[in-house]
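The file work-v7.txt contains compact mmCIF, C-alpha atoms and all ligand atoms:
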# COMPACT_ATOMS: atom_id res chain seq x y z
CA VAL A 14 23.06 -19.90 -7.09
CA ASN A 15 22.22 -17.20 -9.58
CA LEU A 16 19.04 -18.49 -11.15
CA ILE A 17 16.09 -20.61 -10.13
CA LEU A 18 15.43 -23.13 -12.83
CA LEU A 19 11.81 -23.93 -13.45
CA GLU A 20 10.49 -27.02 -15.14
CA PRO A 21 7.62 -26.65 -17.61
CA GLU A 22 5.37 -28.59 -15.19
CA ASP A 23 5.87 -25.91 -12.52
CA PHE A 24 3.76 -23.54 -14.62
CA LEU A 25 0.09 -23.38 -13.77
CA SER A 26 -0.62 -21.78 -17.14
CA GLY A 27 0.85 -24.31 -19.59
CA ASP A 28 4.24 -25.00 -21.14
CA PRO A 29 6.17 -21.69 -21.33
CA ARG A 30 8.32 -23.04 -24.16
CA ASP A 31 5.31 -23.34 -26.41
CA PRO A 32 5.58 -20.47 -28.93
CA SER A 33 1.81 -19.96 -28.92
CA CYS A 34 1.88 -19.56 -25.15
CA ASP A 35 0.91 -16.25 -23.52
CA ARG A 36 3.98 -13.95 -23.18
CA GLY A 37 2.56 -12.00 -20.24
CA PRO A 38 3.12 -12.75 -16.55
CA GLN A 39 2.66 -16.40 -15.67
CA ARG A 40 1.97 -18.21 -12.44
CA VAL A 41 4.42 -20.80 -11.16
CA ARG A 42 4.05 -23.09 -8.16
CA LEU A 43 7.03 -24.78 -6.51
CA GLY A 44 7.01 -27.51 -3.88
CA GLY A 45 9.35 -30.16 -2.48
CA ARG A 46 13.09 -29.80 -2.94
CA GLN A 47 12.82 -26.61 -4.96
CA LEU A 48 10.64 -24.99 -2.31
CA ARG A 49 13.14 -25.81 0.45
CA HIS A 50 15.94 -24.52 -1.71
CA VAL A 51 14.25 -21.23 -2.54
CA ARG A 52 13.34 -20.71 1.11
CA GLU A 53 16.70 -21.59 2.58
CA VAL A 54 19.16 -20.38 -0.03
CA HIS A 55 17.32 -17.45 -1.52
CA ARG A 56 15.54 -16.53 1.74
CA ALA A 57 12.44 -16.01 -0.36
CA GLU A 58 9.56 -14.06 1.11
CA VAL A 59 6.44 -12.54 -0.39
CA GLY A 60 7.32 -9.54 -2.53
CA ARG A 61 10.89 -10.66 -3.29
CA GLU A 62 12.08 -10.70 -6.90
CA LEU A 63 14.20 -13.63 -8.03
CA ALA A 64 15.98 -14.43 -11.25
CA VAL A 65 14.34 -17.41 -12.93
CA GLY A 66 14.72 -19.43 -16.09
CA VAL A 67 12.88 -22.28 -17.76
CA VAL A 68 14.85 -25.44 -18.48
CA GLY A 69 15.34 -25.33 -22.25
CA GLY A 70 13.59 -21.95 -22.49
CA PRO A 71 13.80 -18.22 -21.70
CA ARG A 72 15.00 -16.34 -18.60
CA GLY A 73 13.26 -13.66 -16.62
CA ARG A 74 12.21 -12.42 -13.19
CA GLY A 75 9.77 -13.88 -10.73
CA GLU A 76 8.01 -12.13 -7.88
CA VAL A 77 7.02 -14.26 -4.91
CA VAL A 78 3.28 -13.78 -4.46
CA ALA A 79 2.43 -16.56 -2.01
CA LEU A 80 4.45 -18.68 0.35
CA ASP A 81 3.60 -21.28 2.96
CA GLU A 82 4.92 -24.63 4.23
CA ASN A 83 3.78 -26.53 1.16
CA ALA A 84 4.23 -24.24 -1.80
CA LEU A 85 5.64 -21.06 -3.15
CA GLU A 86 3.93 -19.20 -5.93
CA MET A 87 5.60 -16.72 -8.19
CA GLU A 88 4.44 -14.43 -10.93
CA VAL A 89 7.10 -14.67 -13.59
CA LEU A 90 7.84 -12.62 -16.65
CA LEU A 91 10.02 -14.43 -19.16
CA ASP A 92 11.49 -11.83 -21.45
CA GLY A 93 15.17 -12.73 -21.72
CA ALA A 94 17.36 -15.19 -23.58
CA PRO A 95 19.94 -17.44 -21.92
CA PRO A 96 23.62 -16.44 -22.30
CA PRO A 97 25.31 -17.55 -25.52
CA PRO A 98 26.81 -21.05 -25.40
CA LEU A 99 30.53 -21.80 -25.52
CA PRO A 100 31.11 -23.41 -28.92
CA VAL A 101 33.19 -26.26 -27.55
CA THR A 102 32.49 -29.97 -27.88
CA LEU A 103 34.32 -31.68 -25.05
CA LEU A 104 35.56 -35.26 -25.38
CA LEU A 105 36.43 -36.30 -21.88
CA ALA A 106 37.96 -39.60 -20.87
CA LEU A 107 35.55 -40.79 -18.17
CA PRO A 108 36.97 -39.54 -14.85
CA ARG A 109 36.45 -41.15 -11.44
CA PRO A 110 32.88 -40.72 -10.21
CA LYS A 111 33.47 -37.94 -7.66
CA VAL A 112 35.48 -35.92 -10.13
CA LEU A 113 32.88 -36.58 -12.82
CA SER A 114 30.08 -35.00 -10.82
CA ARG A 115 32.01 -31.82 -10.12
CA LEU A 116 33.34 -31.64 -13.65
CA LEU A 117 29.93 -31.99 -15.26
CA ARG A 118 28.75 -29.08 -13.16
CA ASP A 119 31.72 -26.86 -13.99
CA ILE A 120 31.75 -27.72 -17.68
CA THR A 121 28.07 -26.79 -17.82
CA THR A 122 28.76 -23.51 -16.04
CA PHE A 123 31.36 -22.68 -18.69
CA GLY A 124 28.63 -23.05 -21.35
CA VAL A 125 29.73 -26.26 -23.07
CA LYS A 126 26.71 -27.87 -24.75
CA GLU A 127 28.19 -31.09 -26.12
CA ILE A 128 29.95 -33.52 -23.80
CA VAL A 129 31.19 -36.98 -24.72
CA LEU A 130 32.34 -39.23 -21.89
CA LEU A 131 34.74 -41.58 -23.52
CA ARG A 132 36.32 -44.87 -22.68
CA THR A 133 40.07 -44.76 -23.13
CA TRP A 134 42.71 -47.32 -22.27
CA ARG A 135 43.57 -45.78 -18.91
CA VAL A 136 39.98 -45.28 -17.71
CA GLU A 137 39.33 -47.74 -14.90
CA GLN A 138 36.72 -50.30 -15.90
CA SER A 139 34.79 -49.87 -12.64
CA PHE A 140 34.02 -46.20 -13.35
CA TRP A 141 31.45 -47.31 -15.91
CA GLN A 142 29.40 -49.05 -13.22
CA SER A 143 29.14 -45.94 -11.07
CA PRO A 144 25.69 -44.62 -10.09
CA ALA A 145 27.10 -41.17 -10.96
CA LEU A 146 26.42 -42.14 -14.58
CA GLU A 147 22.68 -42.63 -14.09
CA PRO A 148 20.78 -40.14 -16.27
CA GLU A 149 19.03 -38.55 -13.27
CA ARG A 150 22.32 -38.04 -11.43
CA ILE A 151 23.93 -36.53 -14.50
CA ARG A 152 20.97 -34.24 -15.06
CA ARG A 153 21.15 -33.04 -11.45
CA GLN A 154 24.76 -31.91 -11.92
CA LEU A 155 23.96 -30.23 -15.21
CA LEU A 156 21.10 -28.29 -13.60
CA LEU A 157 23.39 -27.11 -10.79
CA GLY A 158 25.88 -25.94 -13.41
CA LEU A 159 23.17 -24.05 -15.29
CA GLU A 160 21.87 -22.38 -12.13
CA GLN A 161 25.37 -21.22 -11.33
CA ALA A 162 25.81 -19.74 -14.81
CA GLY A 163 22.34 -18.22 -15.12
CA ASP A 164 21.81 -20.49 -18.11
CA THR A 165 18.81 -22.62 -19.08
CA VAL A 166 20.05 -24.87 -21.90
CA LEU A 167 21.12 -28.35 -20.82
CA PRO A 168 24.20 -29.81 -22.47
CA ARG A 169 23.91 -33.07 -24.32
CA VAL A 170 25.94 -35.83 -22.66
CA ARG A 171 26.87 -38.94 -24.62
CA LEU A 172 28.53 -42.00 -23.12
CA ARG A 173 30.83 -43.86 -25.48
CA ARG A 174 32.34 -47.08 -24.22
CA ARG A 175 34.21 -48.01 -27.38
CA PHE A 176 37.02 -45.67 -28.33
CA LYS A 177 37.83 -46.88 -31.82
CA PRO A 178 34.32 -46.99 -33.32
CA PHE A 179 33.56 -43.63 -31.75
CA VAL A 180 36.69 -41.99 -33.10
CA GLU A 181 36.47 -43.54 -36.54
CA ASP A 182 32.73 -43.50 -37.21
CA GLU A 183 31.08 -40.84 -35.10
CA LEU A 184 33.76 -38.26 -34.40
CA PRO A 185 34.29 -37.15 -38.03
CA GLY A 186 30.68 -35.91 -38.19
CA LEU A 187 30.72 -34.47 -34.70
CA ALA A 188 33.98 -32.54 -35.17
CA GLU A 189 33.34 -31.41 -38.73
CA GLY A 190 34.15 -27.75 -39.29
CA THR A 191 35.71 -27.34 -35.84
CA LEU A 192 39.25 -26.71 -34.67
CA ARG A 193 40.31 -30.05 -33.18
CA LEU A 194 42.58 -29.99 -30.18
CA LEU A 195 43.94 -32.73 -28.00
CA ALA A 196 45.20 -31.65 -24.60
CA HIS A 197 48.47 -33.40 -23.93
CA PRO A 198 51.12 -32.22 -21.48
CA GLY A 199 53.87 -33.83 -23.55
CA SER A 200 53.12 -31.80 -26.69
CA SER A 201 55.41 -28.95 -27.70
CA LEU A 202 52.66 -26.80 -29.23
CA PRO A 203 51.17 -24.29 -26.78
CA CYS A 204 47.39 -24.31 -26.54
CA PRO A 205 45.96 -21.38 -28.55
CA ARG A 206 44.18 -18.50 -26.80
CA GLY A 207 40.85 -16.86 -27.47
CA VAL A 208 39.82 -18.98 -30.44
CA SER A 209 36.75 -17.53 -32.12
CA GLY A 210 35.29 -20.48 -34.03
CA PRO A 211 33.93 -23.82 -32.81
CA ILE A 212 36.32 -26.24 -31.16
CA THR A 213 36.41 -29.94 -30.39
CA LEU A 214 38.64 -30.52 -27.38
CA ALA A 215 39.81 -33.93 -26.15
CA VAL A 216 40.98 -34.32 -22.55
CA GLY A 217 42.54 -37.52 -21.29
CA PRO A 218 42.18 -39.57 -18.08
CA GLU A 219 44.36 -39.30 -14.97
CA GLY A 220 46.95 -41.55 -16.59
CA GLY A 221 46.83 -39.63 -19.88
CA PHE A 222 46.14 -40.82 -23.41
CA ILE A 223 48.21 -43.73 -24.70
CA PRO A 224 50.19 -43.20 -27.92
CA TYR A 225 47.67 -45.21 -29.96
CA GLU A 226 44.88 -42.87 -28.84
CA VAL A 227 46.90 -39.77 -29.66
CA GLU A 228 47.60 -41.17 -33.12
CA ALA A 229 43.96 -42.13 -33.69
CA LEU A 230 42.85 -38.59 -32.79
CA GLU A 231 45.61 -37.03 -34.89
CA ALA A 232 44.39 -39.11 -37.81
CA GLN A 233 41.05 -37.31 -37.37
CA GLY A 234 42.70 -33.91 -37.63
CA PHE A 235 43.36 -33.30 -33.93
CA GLN A 236 46.43 -31.36 -32.90
CA ALA A 237 48.12 -32.08 -29.58
CA VAL A 238 48.49 -28.90 -27.51
CA THR A 239 49.88 -28.19 -24.08
CA LEU A 240 49.43 -25.83 -21.16
CA GLY A 241 52.99 -26.50 -20.11
CA GLU A 242 55.06 -29.46 -19.07
CA ARG A 243 53.40 -29.90 -15.68
CA PRO A 244 50.65 -32.50 -15.77
CA LEU A 245 47.58 -30.92 -14.14
CA ARG A 246 44.67 -32.67 -12.52
CA VAL A 247 41.91 -33.27 -15.04
CA GLU A 248 39.62 -30.73 -13.35
CA THR A 249 42.29 -28.07 -13.36
CA ALA A 250 43.25 -28.84 -16.94
CA VAL A 251 39.64 -28.62 -18.16
CA ALA A 252 39.04 -25.28 -16.43
CA ALA A 253 42.33 -23.83 -17.64
CA LEU A 254 41.75 -25.04 -21.20
CA LEU A 255 38.19 -23.72 -21.45
CA ALA A 256 39.19 -20.37 -19.98
CA ARG A 257 42.15 -20.05 -22.29
CA LEU A 258 40.29 -21.05 -25.43
CA SER A 259 37.24 -18.87 -24.83
N1 LIG A 301 50.63 -38.48 -16.90
C1 LIG A 301 49.64 -38.00 -17.81
C2 LIG A 301 48.93 -36.85 -17.19
C3 LIG A 301 47.49 -36.88 -17.47
S1 LIG A 301 46.65 -35.51 -16.84
C4 LIG A 301 50.29 -37.56 -19.11
O1 LIG A 301 51.48 -37.23 -19.08
O2 LIG A 301 49.66 -37.52 -20.15
C5 LIG A 301 45.03 -35.78 -17.47
C6 LIG A 301 44.67 -35.05 -18.72
O3 LIG A 301 44.56 -33.67 -18.45
C7 LIG A 301 45.67 -35.17 -19.84
O4 LIG A 301 45.46 -36.33 -20.62
C8 LIG A 301 45.41 -33.89 -20.64
O5 LIG A 301 44.33 -34.07 -21.53
C9 LIG A 301 45.05 -32.91 -19.56
N2 LIG A 301 46.22 -32.17 -19.08
C10 LIG A 301 46.76 -32.19 -17.85
N3 LIG A 301 47.81 -31.37 -17.76
C11 LIG A 301 47.95 -30.79 -18.96
C12 LIG A 301 48.86 -29.83 -19.51
N4 LIG A 301 49.86 -29.33 -18.80
N5 LIG A 301 48.71 -29.48 -20.82
C13 LIG A 301 47.71 -30.00 -21.55
N6 LIG A 301 46.83 -30.90 -21.09
C14 LIG A 301 46.93 -31.29 -19.82
Final structure tokens representation of the file:
Amino acid sequence: VNLILLEPEDFLSGDPRDPSCDRGPQRVRLGGRQLRHVREVHRAEVGRELAVGVVGGPRGRGEVVALDENALEMEVLLDGAPPPPLPVTLLLALPRPKVLSRLLRDITTFGVKEIVLLRTWRVEQSFWQSPALEPERIRRQLLLGLEQAGDTVLPRVRLRRRFKPFVEDELPGLAEGTLRLLAHPGSSLPCPRGVSGPITLAVGPEGGFIPYEVEALEAQGFQAVTLGERPLRVETAVAALLARLS
């Protein structure tokens, strides 16, 4: 973990995201899960400096100034900005719950800020009932992804259980002004590399998109692109696509 993410309520001196807030050193107090984590993973002790960031806010350094069984206090200076986002909106056919959790984390680490989990024909119905979709569980994975990347800005995750209305009514606005790509092993067009502008990227479920879905996305200006004829696991495909496009 490369960054300790602080919540505004950890600050003893008020919300650090407030622009009128004092820019000098601020006191933070951590307890509970975060305290255990900082003790065990970061081996925190008084005098140590740790990289910190505020969820939805700046980054900086924190010096441990007090530590006991119940709390850790840090003096933090927030003088940095989070890394730039990856300008990719990811439309992802809802994967199976275990894969979803890992994927959300990795996608967040890549810097994607807009994620749409989409119902497609070959998404198993039962996936939508999974506890992995509870907002708190999703947020947990996103935070882990941010900590890994040294980022502070949570992606927005939308759940869309109706393919057609999403694609016809919402997607045109969402994808406006972006390069629209549909990852499809069967396509003959190689996926472009190092694209500089914003992208909307659609990735299918384990069973792939059905022809109707490919056509519906193509009607919205999406172009089917491939990484090669071998169908990859969704996780592998997403990582390879984001790395290749960025
Ligand atoms: N049998 C399915 C494979 C689906 S793999 C099919 O032929 O479509 C799951 C998803 O990962 C795909 O829908 C696609 O979006 C992405 N993907 C996997 N391998 C890929 C590849 N070689 N090129 C482009 N996209 C790929």
Check: Residues within 9 Å of ligand LIG 301 (chain A) (all atoms listed in the file), as a ChimeraX atom specification?
Finding: /A:105-106,195-200,203-204,214-223,237-251,254
Check: In Å to one decimal, how far is CA of Leu192 in chain A from CA of Glu160 in chain A?
Finding: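 Value for the CA of Glu160 in chain A-CA of Leu192 in chain A distance: 28.8 Å.
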Item checked: Closest of A:Leu90, A:Val54, A:Leu172, A:Val208 to Pro29 in chain A - atom-to-atom distances counting all atoms listed in the file ->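 Among the listed residues, the smallest separation from Pro29 in chain A belongs to A:Leu90.
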Item checked: Distance criterion (all atoms listed in the file): nearest to Gly70 in chain A out of A:Asp164, A:Glu82, A:Glu88, A:Asp23 -> A:Asp164
Take the point (28.1, -38.1, -15.9) as written in the file and pick out every residue within 7 Å of it, counting all atoms listed in the file; give the list as a PDB file with C-alpha atoms, in the frame of the given file.
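File point35.pdb, as written:
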ATOM      1  CA  LEU A 113      32.880 -36.580 -12.820  1.00  0.00           C
ATOM      2  CA  SER A 114      30.080 -35.000 -10.820  1.00  0.00           C
ATOM      3  CA  LEU A 117      29.930 -31.990 -15.260  1.00  0.00           C
ATOM      4  CA  ALA A 145      27.100 -41.170 -10.960  1.00  0.00           C
ATOM      5  CA  LEU A 146      26.420 -42.140 -14.580  1.00  0.00           C
ATOM      6  CA  ILE A 151      23.930 -36.530 -14.500  1.00  0.00           C
TER       7      ILE A 151
END
Next item on the list: Would you mind reading off the distance between CA of Gly158 in chain A and CA of Ile17 in chain A, one decimal, in Å?
Entry: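 So the two atoms, CA of Gly158 in chain A and CA of Ile17 in chain A, lie 11.6 Å apart.
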Check: Within 12 Å of Arg49 in chain A, counting all atoms listed in the file, which residues qualify if same-chain residues fewer than 5 places away don't, as a list in words?
Finding: Leu43, Gly44, Val54, His55, Arg56, Ala57, Leu80, Asp81, Glu82, Asn83, Ala84 and Leu85 of chain A
Check: Rounded to one decimal in Å, what is the spacing between CA of Leu63 in chain A and CA of Thr165 in chain A?
Finding: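 Between these atoms lies a distance of 15.0 Å.
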Notebook entry, point to check: Counting all atoms listed in the file, what is within 9 Å of Phe140 in chain A, bar same-chain residues fewer than 3 positions away, as number ranges by chain?
Noted result: A: 107-110, 136-137, 143, 145-146
Next item on the list: Considering all atoms listed in the file, return as a list of chain:residue names whatever protein or nucleic-acid residues lie within 9 Å of Val170 in chain A, sequence-local ones (same chain, fewer than 4 positions apart) excluded.
Entry: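 With the cut-off at 9 Å, the set is A:Lys126, A:Glu127, A:Ile128, A:Val129, A:Leu130, A:Ile151.
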Checklist line | Close residues, Arg118 in chain A itself excluded, 6 Å, all atoms listed in the file, min 3 positions apart in chain, as a ChimeraX atom specification | finding: /A:115,121,154-155,158
Atoms are missing here; could range 209-220 of chain A be completed with all heavy atoms and written as an mmCIF file, in the coordinates of the input?
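Wrote it out as out_15.cif, contents follow:
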data_model
loop_
_atom_site.group_PDB
_atom_site.id
_atom_site.type_symbol
_atom_site.label_atom_id
_atom_site.label_comp_id
_atom_site.auth_asym_id
_atom_site.auth_seq_id
_atom_site.Cartn_x
_atom_site.Cartn_y
_atom_site.Cartn_z
ATOM 1 N N SER A 209 38.102 -18.056 -31.907
ATOM 2 C CA SER A 209 36.750 -17.530 -32.120
ATOM 3 C C SER A 209 35.758 -18.562 -32.655
ATOM 4 O O SER A 209 34.578 -18.501 -32.333
ATOM 5 C CB SER A 209 36.795 -16.306 -33.036
ATOM 6 O OG SER A 209 37.387 -16.687 -34.253
ATOM 7 N N GLY A 210 36.221 -19.511 -33.433
ATOM 8 C CA GLY A 210 35.290 -20.480 -34.030
ATOM 9 C C GLY A 210 35.029 -21.667 -33.114
ATOM 10 O O GLY A 210 35.525 -21.732 -31.994
ATOM 11 N N PRO A 211 34.227 -22.625 -33.609
ATOM 12 C CA PRO A 211 33.930 -23.820 -32.810
ATOM 13 C C PRO A 211 35.131 -24.743 -32.656
ATOM 14 O O PRO A 211 35.982 -24.828 -33.534
ATOM 15 C CB PRO A 211 32.807 -24.502 -33.592
ATOM 16 C CG PRO A 211 32.933 -24.002 -34.986
ATOM 17 C CD PRO A 211 33.518 -22.619 -34.898
ATOM 18 N N ILE A 212 35.173 -25.415 -31.523
ATOM 19 C CA ILE A 212 36.320 -26.240 -31.160
ATOM 20 C C ILE A 212 35.823 -27.610 -30.704
ATOM 21 O O ILE A 212 34.791 -27.703 -30.045
ATOM 22 C CB ILE A 212 37.086 -25.598 -29.981
ATOM 23 C CG1 ILE A 212 37.606 -24.216 -30.358
ATOM 24 C CG2 ILE A 212 38.230 -26.490 -29.503
ATOM 25 C CD1 ILE A 212 38.132 -23.423 -29.168
ATOM 26 N N THR A 213 36.579 -28.643 -31.041
ATOM 27 C CA THR A 213 36.410 -29.940 -30.390
ATOM 28 C C THR A 213 37.674 -30.187 -29.581
ATOM 29 O O THR A 213 38.776 -30.135 -30.133
ATOM 30 C CB THR A 213 36.184 -31.067 -31.408
ATOM 31 O OG1 THR A 213 35.095 -30.701 -32.254
ATOM 32 C CG2 THR A 213 35.851 -32.380 -30.702
ATOM 33 N N LEU A 214 37.504 -30.407 -28.284
ATOM 34 C CA LEU A 214 38.640 -30.520 -27.380
ATOM 35 C C LEU A 214 38.609 -31.888 -26.695
ATOM 36 O O LEU A 214 37.595 -32.252 -26.095
ATOM 37 C CB LEU A 214 38.543 -29.418 -26.320
ATOM 38 C CG LEU A 214 39.552 -29.477 -25.170
ATOM 39 C CD1 LEU A 214 40.967 -29.231 -25.677
ATOM 40 C CD2 LEU A 214 39.175 -28.463 -24.084
ATOM 41 N N ALA A 215 39.719 -32.618 -26.803
ATOM 42 C CA ALA A 215 39.810 -33.930 -26.150
ATOM 43 C C ALA A 215 40.709 -33.826 -24.928
ATOM 44 O O ALA A 215 41.809 -33.280 -24.995
ATOM 45 C CB ALA A 215 40.366 -34.963 -27.130
ATOM 46 N N VAL A 216 40.213 -34.337 -23.795
ATOM 47 C CA VAL A 216 40.980 -34.320 -22.550
ATOM 48 C C VAL A 216 41.076 -35.755 -22.029
ATOM 49 O O VAL A 216 40.070 -36.469 -21.973
ATOM 50 C CB VAL A 216 40.314 -33.400 -21.498
ATOM 51 C CG1 VAL A 216 41.047 -33.463 -20.170
ATOM 52 C CG2 VAL A 216 40.266 -31.958 -22.007
ATOM 53 N N GLY A 217 42.279 -36.134 -21.647
ATOM 54 C CA GLY A 217 42.540 -37.520 -21.290
ATOM 55 C C GLY A 217 42.207 -37.859 -19.839
ATOM 56 O O GLY A 217 41.783 -37.001 -19.066
ATOM 57 N N PRO A 218 42.417 -39.128 -19.455
ATOM 58 C CA PRO A 218 42.180 -39.570 -18.080
ATOM 59 C C PRO A 218 43.386 -39.260 -17.199
ATOM 60 O O PRO A 218 44.402 -38.761 -17.696
ATOM 61 C CB PRO A 218 42.016 -41.075 -18.252
ATOM 62 C CG PRO A 218 42.910 -41.413 -19.400
ATOM 63 C CD PRO A 218 42.903 -40.216 -20.313
ATOM 64 N N GLU A 219 43.268 -39.557 -15.918
ATOM 65 C CA GLU A 219 44.360 -39.300 -14.970
ATOM 66 C C GLU A 219 45.713 -39.798 -15.476
ATOM 67 O O GLU A 219 46.732 -39.148 -15.285
ATOM 68 C CB GLU A 219 44.072 -39.993 -13.637
ATOM 69 C CG GLU A 219 43.261 -39.142 -12.696
ATOM 70 C CD GLU A 219 42.839 -39.931 -11.461
ATOM 71 O OE1 GLU A 219 43.681 -40.635 -10.879
ATOM 72 O OE2 GLU A 219 41.651 -39.832 -11.104
ATOM 73 N N GLY A 220 45.699 -40.966 -16.099
ATOM 74 C CA GLY A 220 46.950 -41.550 -16.590
ATOM 75 C C GLY A 220 47.364 -41.014 -17.957
ATOM 76 O O GLY A 220 48.407 -41.385 -18.480
#
